[in-house]
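One structure is given here, and the rest of the page talks about it.
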Amino acid sequence: MEEKRSKKNAMSLVVLCVSIVALTTSLTYAYFVSQVGTNEQEKITIRSGDLALTFRDNDETVENTESTWSLGDTIEKELVIENTGTRDAYAKISWDNLINTYLAESLTYTLEEKSDDSGAVWKPVETANVNVPRSESVSTQLLVEHLLVPAGHTYTYRVRITFEDLENIDQTEDINAKFITKFTLDESTKKWTAEDSLASLNIKINPNNPTNFANPATTDETENGLFSLEDDYGTSYYYRGTAPNNYIKFGQNASGQDMWWRIIRFNGDGTVRMQYDGAGTSGTNSYTRGFALTNQVWNNKADDAKYVGWMFGGTNGSASREQAQRNETDSPIKTKVDEWYKTNIVDTGYGTYVADSIFCNDRSTPGRSATGWSIDTGLGYGSNATAYGAYARSGVESVNHNKVQPRFTCPQQNDKFTVKEASGGNGKSTYPVGLITADEIIAAGSGKDYTANSSYYLKKDSTYWSFSPSTAPDATMFAIYNGVLRNGAFVKNNVEIAPVINLKAEYLDKLQGDGTIDNPYYLNA
């Protein structure tokens with residue numbers, strides 16, 4: 001440990017703080033979508049009609065700054081946006097000319113803001129990610145968007161970048177790593193929410209959320225409006241019970257058939273999460289319920305805790321929780337789902353409509369007191385008996401049998417599977433596709449673990465995989481057995497697959513239909 005510490009303290013961070021107060025003839029601004037110019041003080045501006053934003057870097061110098069940055073050190077950068085126009089504006093800030101070869105979690109950042117009418121009070125701002133995006137070559141990556149700057153006001157933003165001392169992780173690779181960036185401004189939009197999506201489809205909200213998820217939902221419990229739970233993007237609204245009005249027809253598979261889906265929920269960012277439900281003849285409003293893939297294993301191996309992962313680490317048995325949950329190798333099920341997505345979504349021209357939203361492969365290990373499993377070590381690697389987060393929330397053991405409480409937020413950043421880190425996840429997915437979670441199954445009305453329910457919309461005539469790990473080392477997952485939520489599906493079992501995707505919010509105004517099976521929602525793009 002002392003040897004590692006001495007090496008790590010010698011690491012340096014090279015930061016190129018490129019000021020944009022003064023401009024040179026070699027600098028270009030092709031990244032602006034609006035008309036771009038400079039004012040008399042040579043500050044970058046965006047002008048479009050009654051919109052006028054001025055962006056400046058508070059560093060008064062234009063130079064490359066090199067300094068040794070020890071573990072735990074933090075650097076700060078202040079940026080200013082002034083709205084001199086006559087209407088409120090929305091802006092986004094990006095990392096520009098970014099090179100970051102540090103380990104994925106070594107550099108974290110936060111953003112705070114203060115306005116000209118709030119004095120010295122700094123307030124936290126939600127950012128695209130908690131880690132600085134990795135980039136082997138020069139790139140532009142989102143830092144934050146949907147920043148409201150009212151007309152006539154000036155906002156100052158403080159970026160803090162910290163070189164983290166990661167526990168139980170060898171950071172030797174960081175010794176020769178690079179971090180170089182500058183910051184740029186672009187016009188943005190008001191942040192879209194789930195409420196906006198519901199309003200666009202005339203869907204009501206029920207203010208009275210369920211309090212007892214242990215009981216199954218056998219009727220249309222959201223007839224008077226959708227229920228809500230917090231997710232990683234805001235407030236999510238979900239269907240529960242028979243849900244006769246959550247049908248959506250989207251895309252055509254490689255055979256030219258219309259694909260049918262059931263809407264699970266409207267995510268906090270307004271995107272629509274939906275599960276594959278079958279396919280039918282093109283142009284008709286009928287289909288055969290079924291699965292995208294049949295008789296598929298989650299993993300060919302089941303003797304290590306790591307095999308509950310959508311991805312996992314190492315080639316041999318895992319020797320630590322970090323190694324087991326390192327997202328290095330695709331599981332066999334991920335490979336199959338990715339292949340299906342490429343063939344039936346990307347290659348058929350529908351990939352542009354799909355959002356990159358978080359899929360939670362929750363490998364958190366809350367321990368015996370939460371799970372109630374008598375032999376639970378909470379270690380999460382190798383041959384150690386471990387029960388995972390969903391196990392504690394689904395009412396498996398007597399200690400939590402009647403304390404069934406689903407959640408849509410993901411406990412661990414490492415388990416938030418997205419294609420890009422800027423989407424709020426780990427950036428490890430190949431395509432924006434996943435599976436339904438045990439928590440979403442419970443919220444939809446399954447009832448607690450092992451409760452029979454044949455009267456809710458997720459019930460099918462066969463067993464299909466969820467995205468939620470259950471126990472290890474005999475790796476098991478949650479699955480739906482003929483409508484029953486079960487925690488004991490061994491990863492080597494042959495089980496069906498119903499992929500889940502998210503429709504981008506920007507296309508909701510192009511949806512037609514009323515969500516019923518006779519008149520499903522469909523994209524009129």
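Starting from 1 in every chain, residues are counted up; chains themselves are A, B, ... following the order of the structure tokens, and ligands are numbered from 1 as listed.
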
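All residues of protein, DNA or RNA that reach within 6 Å of range 505-518 of chain A, judged by only C-alpha atoms and not counting those fewer than 5 positions away in the chain, are A:Pro244, A:Asn245, A:Asn246, A:Tyr247, A:Gly270, A:Thr271, A:Asn285, A:Leu523, A:Asn524.
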
Q: Excluding Thr418 in chain A and any residue of its chain fewer than 2 positions from it, enumerate the residues within 12 Å of it, using only C-alpha atoms, and give them as a PyMOL selection string.
A: chain A and resi 129+310+327+355-361+413-416+420-434+501-502

(Q) When you count only C-alpha atoms, which of these residues is closest to Leu98 in chain A: A:Ala392, A:Pro133, A:Leu111, A:Thr181? (A) A:Thr181

(Q) DSSP on the backbone: which residues in range 322-419 of chain A end up as alpha helix (DSSP H)? Give the answer as a PyMOL selection string. (A) chain A and resi 322-324+332-341+368-371+389-393

Q | Test item: residues at most 8 Å from range 318-320 of chain A, only C-alpha atoms, excluding those fewer than 2 positions along its chain, as a VMD selection string | A | chain A and resid 304 to 306 313 to 314 316 322 to 324 380 to 382
